[in-house]
Amino acid sequence: MEFTELADYAVPAGTLTEWIPSVGPQARTPEAAGWRPDARPTSYVHEAHLRASLSSPRRGRESWLGAAFEIAGPLNKPAFRQAVLNWIDRHEAMRSAASIDEVSGDMTRVTAAQGAIDIWQVEQERCAESSEVFEHLQYLFDEFTSPLIWPAYAFVTLEPVDETRPITVFFAADHSIIDGLSTVLVAHEIAALYGEELGGSPAALFEAGSYLDFGSSEREKNAELEHSHDAVRIWRDFLVDGDGELPAFPLDIGDPSPDDLPQGGLSAWVLDPDQADSFSVACRKTGHSLFAGLLAVLAIAGSELGGGTRFRTVTPVHTRDEPQWASALGWFVGLCPISFDIAGADSFGSVVAAASAEVKKTKPIARVPLDRVFTTLGYSARPRFVVSFMDVRFAPAAEHWPDWNARALRSKQYQHDVYIWINRTPQGINIAARYPNTEQATGRVHEYIGTFRTLLTDVADTGTTQLPLADDERSEIEHSDTGQTVTNQ
């Protein structure tokens with residue numbers, strides 16, 4: 001499944017129907033609707049996101065993730081409505097609202113019982129052009145997914161002008177209540193629940209825990225965090241090594257672009273299924289994982305392009321550490337620092353080993369929320385270069401994604417940072433990226449990913465790849481090309 005912006009998803013002209021969760025016709029807010037006070041705290045990352053949104057000029061807008069997928073038409077609207085309501089009942093986070101008092105800074109939460117949510121079903125005029133569809137969806141999702149309001153999510157169905165084409169379902173939600181894996185789960189769950197309402201097979205979904213319970217559990221586990229804790233120590237050393245900053249993209253991407261300029265993005269299939277299998281085998285032959293192999297190739301690519309021999313990034317790690325979280329929707333993501341040096345490496349295997357050793361050292365600390373670590377350190381820093389990896393081959397309904405034209409979606413972003421997502425899917429390995437939309441940043445990121453792709457193919461085809469020349473070796477070649485004799489000291 002690719003991970004792109006909405007603008008990169010081909011949508012036909014047609015008629016849109018919005019499906020907006022509602023507290024009911026007699027009240028406009030959860031509190032007025034009598035939702036029960038809920039003492040369970042948010043997760044650390046949810047709280048940090050809420051507080052950052054309060055101080056942001058966009059007030060949390062354009063921080064959503066989502067999905068698009070197709071279902072067979074014609075659309076049975078009563079059945080679809082009930083499927084969405086059943087899905088909301090299934091996931092408690094979708095019927096809970098956390099808020100912050102802007103004066104006192106205190107956080108509160110209210111939660112609705114199952115069956116208490118209604119749906120606004122808003123029929124729009126037919127859009128004669130696909131551009132109209134895109135503009136409407138973009139505006140709706142940007143406006144209806146702020147973490148500072150409820151609901152922070154919405155569904156839209158598109159019935160195309162050509163009635164022989166399937167129905168497209170769009171979904172978007174603020175990042176505070178979903179993560180990357182959540183977007184992958186939505187298509188399967190809605191399709192299964194809708195099929196059940198049409199009289200098909202029971203949805204038979206795995207039981208899902210509540211993200212609200214996860215937040216409480218996370219707070220209990222990390223209530224006391226000493227400076228001697230591994231997570232605090234490792235992050236402190238990582239920050240010291242970076243002169244107090246989290247890592248930036250290994251190549252120079254120039255000065256920040258204007259605050260109102262959306263980032264650029266790309267998505268590419270870099271290995272087909274057979275090549276992906278071959279690359280994975282090559283990594284296993286070194287005694288290490290596919291993820292370590294991907295990090296190794298990223299490090300080699302950066303060094304080859306002049307980014308130095310030390311590869312530094314921040315990588316997300318899922319925190320779904322109990323069976324009840326496997327099918328839950330929420331922001332189950334921790335972060336861990338990655339730093340390893342390929343100077344002196346004499347083979348692809350030795351680079352993979354260095355990457356693997358770093359992953360083994362730092363991955364366990366991802367269960368300690370970075371915001372909690374920074375509170376202990378009295379520090380704050382924003383990730384600037386993030387590399388994410390997910391193996392979604394065994395996600396529910398993964399084999400149907402091509403038939404469903406399924407796509408994970410993300411909103412526009414404006415920061416001066418670079419994010420890279422690498423997904424291992426049944427269709428091969430896909431890489432997606434977002435980056436500042438300037439000529440220099442675009443050129444450097446495309447160059448980096450092009451080199452990464454070439455190196456991946458080398459490893460898939462031969463089991464290894466050539467390492468970048470060391471500075472002294474490069475100097476010797478350059479001097480010999482001019483006819484000078486160089487003696488290594």
# chains A, B, ... in the order shown; residues from 1 in each chain; ligands from 1
>>> closest_atom_pairs(of="stretch 384-417 of chain A", to="stretch 253-272 of chain A", cutoff="8 Å", atoms="only C-alpha atoms", output="CSV")
residue,atom,partner,partner_atom,distance
A:Lys412,CA,A:Pro262,CA,6.1
A:Gln413,CA,A:Pro262,CA,5.6
A:Tyr414,CA,A:Pro262,CA,4.8
A:Gln415,CA,A:Gln263,CA,7.4
A:His416,CA,A:Pro256,CA,5.5
>>> residues_around(residues="stretch 175-186 of chain A", least_positions_apart="5", cutoff="9 Å", atoms="only C-alpha atoms", output="PyMOL selection string")
chain A and resi 1+45-47+49-50+63-67+93-94+145+147+152+191+211+318+327-333+390+392+395-398+406-409
>>> select_by_dssp(residues="stretch 220-449 of chain A", states="strand (DSSP E)", output="tab-separated table (two decimals) with N, CA and C atoms, in the first residue's frame")
chain	number	residue	atom	x	y	z
A	264	GLY	N	6.88	19.19	-0.65
A	264	GLY	CA	6.77	18.29	-1.78
A	264	GLY	C	6.77	16.85	-1.30
A	265	GLY	N	6.46	15.94	-2.21
A	265	GLY	CA	6.43	14.53	-1.82
A	265	GLY	C	6.62	13.63	-3.00
A	266	LEU	N	6.95	12.39	-2.72
A	266	LEU	CA	7.08	11.38	-3.77
A	266	LEU	C	6.71	10.02	-3.21
A	267	SER	N	6.39	9.12	-4.12
A	267	SER	CA	6.14	7.72	-3.77
A	267	SER	C	6.61	6.88	-4.95
A	268	ALA	N	7.38	5.82	-4.66
A	268	ALA	CA	7.91	4.99	-5.73
A	268	ALA	C	8.03	3.55	-5.26
A	269	TRP	N	7.77	2.63	-6.18
A	269	TRP	CA	8.02	1.21	-5.92
A	269	TRP	C	9.46	0.94	-6.30
A	270	VAL	N	10.28	0.61	-5.31
A	270	VAL	CA	11.71	0.47	-5.55
A	270	VAL	C	12.14	-0.99	-5.78
A	271	LEU	N	11.36	-1.94	-5.30
A	271	LEU	CA	11.63	-3.35	-5.56
A	271	LEU	C	10.31	-4.07	-5.79
A	310	ARG	N	28.84	8.77	9.18
A	310	ARG	CA	27.95	8.47	10.31
A	310	ARG	C	26.52	8.73	9.90
A	311	PHE	N	25.69	7.70	10.01
A	311	PHE	CA	24.27	7.81	9.68
A	311	PHE	C	23.48	8.02	10.96
A	312	ARG	N	22.71	9.10	11.01
A	312	ARG	CA	21.92	9.43	12.19
A	312	ARG	C	20.50	9.78	11.77
A	313	THR	N	19.55	9.17	12.45
A	313	THR	CA	18.14	9.45	12.17
A	313	THR	C	17.33	9.11	13.42
A	314	VAL	N	16.04	9.37	13.34
A	314	VAL	CA	15.09	8.94	14.36
A	314	VAL	C	14.08	8.04	13.67
A	315	THR	N	13.75	6.92	14.28
A	315	THR	CA	12.84	5.99	13.64
A	315	THR	C	11.68	5.64	14.56
A	316	PRO	N	10.45	5.60	14.03
A	316	PRO	CA	9.30	5.20	14.84
A	316	PRO	C	9.29	3.69	15.07
A	317	VAL	N	8.79	3.30	16.22
A	317	VAL	CA	8.62	1.89	16.58
A	317	VAL	C	7.24	1.75	17.19
A	318	HIS	N	6.49	0.74	16.75
A	318	HIS	CA	5.14	0.60	17.32
A	318	HIS	C	5.22	0.14	18.76
A	333	VAL	N	2.87	4.71	18.83
A	333	VAL	CA	4.20	4.90	18.22
A	333	VAL	C	5.15	5.53	19.22
A	334	GLY	N	6.30	4.90	19.38
A	334	GLY	CA	7.41	5.49	20.12
A	334	GLY	C	8.52	5.81	19.14
A	335	LEU	N	9.54	6.50	19.61
A	335	LEU	CA	10.67	6.86	18.76
A	335	LEU	C	11.96	6.34	19.37
A	336	CYS	N	12.88	5.96	18.50
A	336	CYS	CA	14.20	5.59	19.01
A	336	CYS	C	15.27	6.22	18.13
A	337	PRO	N	16.41	6.57	18.72
A	337	PRO	CA	17.50	7.18	17.96
A	337	PRO	C	18.35	6.12	17.28
A	338	ILE	N	18.83	6.43	16.09
A	338	ILE	CA	19.71	5.53	15.35
A	338	ILE	C	20.97	6.29	14.98
A	339	SER	N	22.12	5.73	15.32
A	339	SER	CA	23.40	6.36	14.98
A	339	SER	C	24.46	5.27	14.83
A	340	PHE	N	25.04	5.15	13.65
A	340	PHE	CA	26.15	4.20	13.45
A	340	PHE	C	27.07	4.72	12.36
A	341	ASP	N	28.33	4.34	12.44
A	341	ASP	CA	29.35	4.83	11.52
A	341	ASP	C	29.78	3.70	10.59
A	385	PHE	N	14.76	14.52	10.73
A	385	PHE	CA	14.96	13.46	9.73
A	385	PHE	C	14.46	12.17	10.33
A	386	VAL	N	13.38	11.64	9.77
A	386	VAL	CA	12.73	10.46	10.32
A	386	VAL	C	12.64	9.39	9.24
A	387	VAL	N	13.00	8.17	9.59
A	387	VAL	CA	12.89	7.03	8.69
A	387	VAL	C	11.97	6.00	9.34
A	388	SER	N	10.86	5.71	8.69
A	388	SER	CA	9.88	4.76	9.21
A	388	SER	C	9.88	3.50	8.35
A	389	PHE	N	9.73	2.35	8.99
A	389	PHE	CA	9.62	1.09	8.26
A	389	PHE	C	8.45	0.29	8.81
A	390	MET	N	7.62	-0.23	7.92
A	390	MET	CA	6.55	-1.14	8.31
A	390	MET	C	6.52	-2.32	7.34
A	391	ASP	N	6.39	-3.51	7.90
A	391	ASP	CA	6.15	-4.71	7.10
A	391	ASP	C	4.67	-5.03	7.24
A	407	ARG	N	-5.07	3.06	-0.63
A	407	ARG	CA	-3.94	3.96	-0.45
A	407	ARG	C	-4.00	4.58	0.95
A	408	ALA	N	-2.88	4.61	1.64
A	408	ALA	CA	-2.79	5.38	2.88
A	408	ALA	C	-2.50	6.83	2.51
A	409	LEU	N	-3.12	7.77	3.22
A	409	LEU	CA	-3.03	9.19	2.88
A	409	LEU	C	-2.46	9.99	4.04
A	410	ARG	N	-1.85	11.12	3.70
A	410	ARG	CA	-1.36	12.06	4.71
A	410	ARG	C	-1.71	13.47	4.26
A	418	VAL	N	12.60	16.25	6.72
A	418	VAL	CA	12.46	15.18	5.72
A	418	VAL	C	12.00	13.92	6.43
A	419	TYR	N	10.89	13.38	5.96
A	419	TYR	CA	10.38	12.11	6.45
A	419	TYR	C	10.41	11.09	5.32
A	420	ILE	N	10.86	9.89	5.63
A	420	ILE	CA	10.89	8.80	4.67
A	420	ILE	C	10.17	7.61	5.26
A	421	TRP	N	9.24	7.04	4.48
A	421	TRP	CA	8.51	5.84	4.90
A	421	TRP	C	8.83	4.71	3.92
A	422	ILE	N	9.26	3.59	4.46
A	422	ILE	CA	9.55	2.41	3.64
A	422	ILE	C	8.60	1.30	4.07
A	423	ASN	N	7.83	0.78	3.14
A	423	ASN	CA	6.84	-0.25	3.45
A	423	ASN	C	7.12	-1.52	2.66
A	424	ARG	N	7.19	-2.63	3.37
A	424	ARG	CA	7.29	-3.96	2.73
A	424	ARG	C	5.87	-4.48	2.61
A	425	THR	N	5.39	-4.67	1.38
A	425	THR	CA	4.02	-5.06	1.11
A	425	THR	C	4.01	-6.31	0.23
A	428	GLY	N	5.75	-5.66	-3.05
A	428	GLY	CA	7.16	-5.31	-3.09
A	428	GLY	C	7.51	-4.29	-2.01
A	429	ILE	N	8.50	-3.45	-2.27
A	429	ILE	CA	8.93	-2.42	-1.33
A	429	ILE	C	8.64	-1.06	-1.94
A	430	ASN	N	7.90	-0.26	-1.18
A	430	ASN	CA	7.55	1.09	-1.59
A	430	ASN	C	8.26	2.09	-0.69
A	431	ILE	N	8.71	3.19	-1.27
A	431	ILE	CA	9.29	4.26	-0.47
A	431	ILE	C	8.51	5.55	-0.75
A	432	ALA	N	8.18	6.26	0.31
A	432	ALA	CA	7.51	7.55	0.19
A	432	ALA	C	8.31	8.56	1.00
A	433	ALA	N	8.21	9.81	0.60
A	433	ALA	CA	8.96	10.86	1.30
A	433	ALA	C	8.21	12.18	1.20
A	434	ARG	N	8.44	13.03	2.19
A	434	ARG	CA	8.02	14.43	2.10
A	434	ARG	C	9.21	15.28	2.50
A	435	TYR	N	9.29	16.50	1.92
A	435	TYR	CA	10.49	17.30	2.06
A	435	TYR	C	10.16	18.74	1.68
>>> closest_residue(among="A:Gly60, A:Gly200, A:Gly215, A:Pro12", to="A:Ile167", atoms="only C-alpha atoms")
A:Pro12
>>> closest_residue(among="A:Thr29, A:Thr111, A:Ser228, A:Ser216", to="A:Val373", atoms="only C-alpha atoms")
A:Ser228
>>> closest_residue(among="A:Glu143, A:Gly308, A:Ser53, A:Leu85", to="A:Glu102", atoms="only C-alpha atoms")
A:Ser53
>>> closest_residue(among="A:Tyr44, A:Phe69, A:Trp401, A:Phe291", to="A:Val359", atoms="only C-alpha atoms")
A:Phe291
>>> closest_residue(among="A:His400, A:His229, A:His91, A:Arg58", to="A:Pro364", atoms="only C-alpha atoms")
A:His229
>>> residues_around(residues="A:Gly34", least_positions_apart="3", cutoff="12 Å", atoms="only C-alpha atoms", output="tab-separated table (two decimals) with all heavy atoms, in the first residue's frame")
chain	number	residue	atom	x	y	z
A	23	VAL	N	-22.98	14.25	17.95
A	23	VAL	CA	-23.43	13.94	19.30
A	23	VAL	C	-24.94	13.85	19.37
A	23	VAL	O	-25.50	13.52	20.41
A	23	VAL	CB	-22.93	15.00	20.31
A	23	VAL	CG1	-21.42	14.99	20.39
A	23	VAL	CG2	-23.45	16.38	19.95
A	24	GLY	N	-25.61	14.13	18.26
A	24	GLY	CA	-27.07	14.04	18.24
A	24	GLY	C	-27.71	15.37	17.91
A	24	GLY	O	-27.06	16.42	17.98
A	26	GLN	N	-29.88	17.23	19.47
A	26	GLN	CA	-30.26	18.14	20.55
A	26	GLN	C	-29.07	18.83	21.21
A	26	GLN	O	-29.26	19.64	22.11
A	26	GLN	CB	-31.04	17.35	21.63
A	26	GLN	CG	-32.25	16.61	21.09
A	26	GLN	CD	-33.25	17.53	20.41
A	26	GLN	OE1	-33.50	18.64	20.89
A	26	GLN	NE2	-33.81	17.09	19.28
A	27	ALA	N	-27.86	18.53	20.78
A	27	ALA	CA	-26.67	19.12	21.40
A	27	ALA	C	-25.60	19.33	20.35
A	27	ALA	O	-25.53	18.62	19.36
A	27	ALA	CB	-26.15	18.22	22.52
A	28	ARG	N	-24.74	20.31	20.62
A	28	ARG	CA	-23.69	20.63	19.64
A	28	ARG	C	-22.30	20.19	20.12
A	28	ARG	O	-21.37	20.16	19.32
A	28	ARG	CB	-23.67	22.13	19.36
A	28	ARG	CG	-24.95	22.64	18.70
A	28	ARG	CD	-24.82	24.10	18.31
A	28	ARG	NE	-23.76	24.31	17.35
A	28	ARG	CZ	-23.92	24.18	16.02
A	28	ARG	NH1	-25.10	23.81	15.54
A	28	ARG	NH2	-22.92	24.42	15.20
A	29	THR	N	-22.14	19.91	21.40
A	29	THR	CA	-20.84	19.51	21.93
A	29	THR	C	-21.00	18.24	22.74
A	29	THR	O	-22.09	17.93	23.25
A	29	THR	CB	-20.25	20.60	22.84
A	29	THR	OG1	-21.07	20.74	24.01
A	29	THR	CG2	-20.17	21.94	22.10
A	30	PRO	N	-19.92	17.47	22.90
A	30	PRO	CA	-19.99	16.27	23.73
A	30	PRO	C	-20.46	16.56	25.16
A	30	PRO	O	-21.25	15.80	25.73
A	30	PRO	CB	-18.56	15.75	23.70
A	30	PRO	CG	-18.02	16.22	22.39
A	30	PRO	CD	-18.63	17.58	22.20
A	31	GLU	N	-19.97	17.65	25.74
A	31	GLU	CA	-20.36	17.99	27.11
A	31	GLU	C	-21.86	18.25	27.20
A	31	GLU	O	-22.54	17.78	28.12
A	31	GLU	CB	-19.58	19.21	27.59
A	31	GLU	CG	-18.08	18.97	27.79
A	31	GLU	CD	-17.30	19.03	26.49
A	31	GLU	OE1	-17.90	19.30	25.41
A	31	GLU	OE2	-16.08	18.78	26.53
A	37	PRO	N	-17.90	12.21	32.21
A	37	PRO	CA	-16.51	12.58	32.51
A	37	PRO	C	-15.65	11.33	32.59
A	37	PRO	O	-16.07	10.29	33.11
A	37	PRO	CB	-16.61	13.28	33.86
A	37	PRO	CG	-18.03	13.75	33.93
A	37	PRO	CD	-18.83	12.71	33.23
A	38	ASP	N	-14.46	11.41	32.09
A	38	ASP	CA	-13.57	10.25	32.00
A	38	ASP	C	-12.20	10.65	32.55
A	38	ASP	O	-11.54	11.54	32.00
A	38	ASP	CB	-13.46	9.81	30.53
A	38	ASP	CG	-12.80	8.45	30.37
A	38	ASP	OD1	-11.99	8.08	31.23
A	38	ASP	OD2	-13.09	7.77	29.36
A	110	VAL	N	-14.12	13.58	28.09
A	110	VAL	CA	-15.45	13.00	28.20
A	110	VAL	C	-15.57	11.91	27.16
A	110	VAL	O	-14.96	11.98	26.08
A	110	VAL	CB	-16.56	14.06	28.00
A	110	VAL	CG1	-16.59	15.03	29.17
A	110	VAL	CG2	-16.40	14.80	26.68
A	111	THR	N	-16.37	10.88	27.48
A	111	THR	CA	-16.48	9.72	26.60
A	111	THR	C	-17.94	9.29	26.49
A	111	THR	O	-18.68	9.32	27.48
A	111	THR	CB	-15.63	8.55	27.14
A	111	THR	OG1	-14.27	8.97	27.24
A	111	THR	CG2	-15.72	7.33	26.24
A	112	ALA	N	-18.35	8.91	25.30
A	112	ALA	CA	-19.72	8.45	25.06
A	112	ALA	C	-19.79	6.94	25.12
A	112	ALA	O	-18.83	6.23	24.76
A	112	ALA	CB	-20.21	8.94	23.70
A	113	ALA	N	-20.92	6.44	25.55
A	113	ALA	CA	-21.15	5.00	25.58
A	113	ALA	C	-21.38	4.48	24.17
A	113	ALA	O	-21.68	5.25	23.23
A	113	ALA	CB	-22.35	4.68	26.46
A	116	ALA	N	-24.26	5.73	21.41
A	116	ALA	CA	-24.66	7.12	21.68
A	116	ALA	C	-24.35	8.07	20.53
A	116	ALA	O	-24.78	9.22	20.55
A	116	ALA	CB	-23.96	7.62	22.95
A	117	ILE	N	-23.60	7.61	19.51
A	117	ILE	CA	-23.18	8.49	18.43
A	117	ILE	C	-24.17	8.44	17.27
A	117	ILE	O	-24.71	7.39	16.92
A	117	ILE	CB	-21.77	8.10	17.93
A	117	ILE	CG1	-20.78	8.10	19.09
A	117	ILE	CG2	-21.30	9.05	16.83
A	117	ILE	CD1	-20.65	9.41	19.81
>>> atom_distance(atom1="atom CA of A:Arg372", atom2="atom CA of A:Gly105")
17.5 Å
>>> residues_around(residues="A:Val232", least_positions_apart="4", cutoff="8 Å", atoms="only C-alpha atoms", output="JSON, numbers by chain")
{"A": [225, 226, 227, 228, 236, 373, 376, 377]}
>>> select_by_dssp(residues="stretch 273-461 of chain A", states="alpha helix (DSSP H)", output="PyMOL selection string")
chain A and resi 273-285+290-304+348-362+370-377+401-404+439-461
>>> atom_distance(atom1="atom CA of A:Arg444", atom2="atom CA of A:Leu251")
6.7 Å
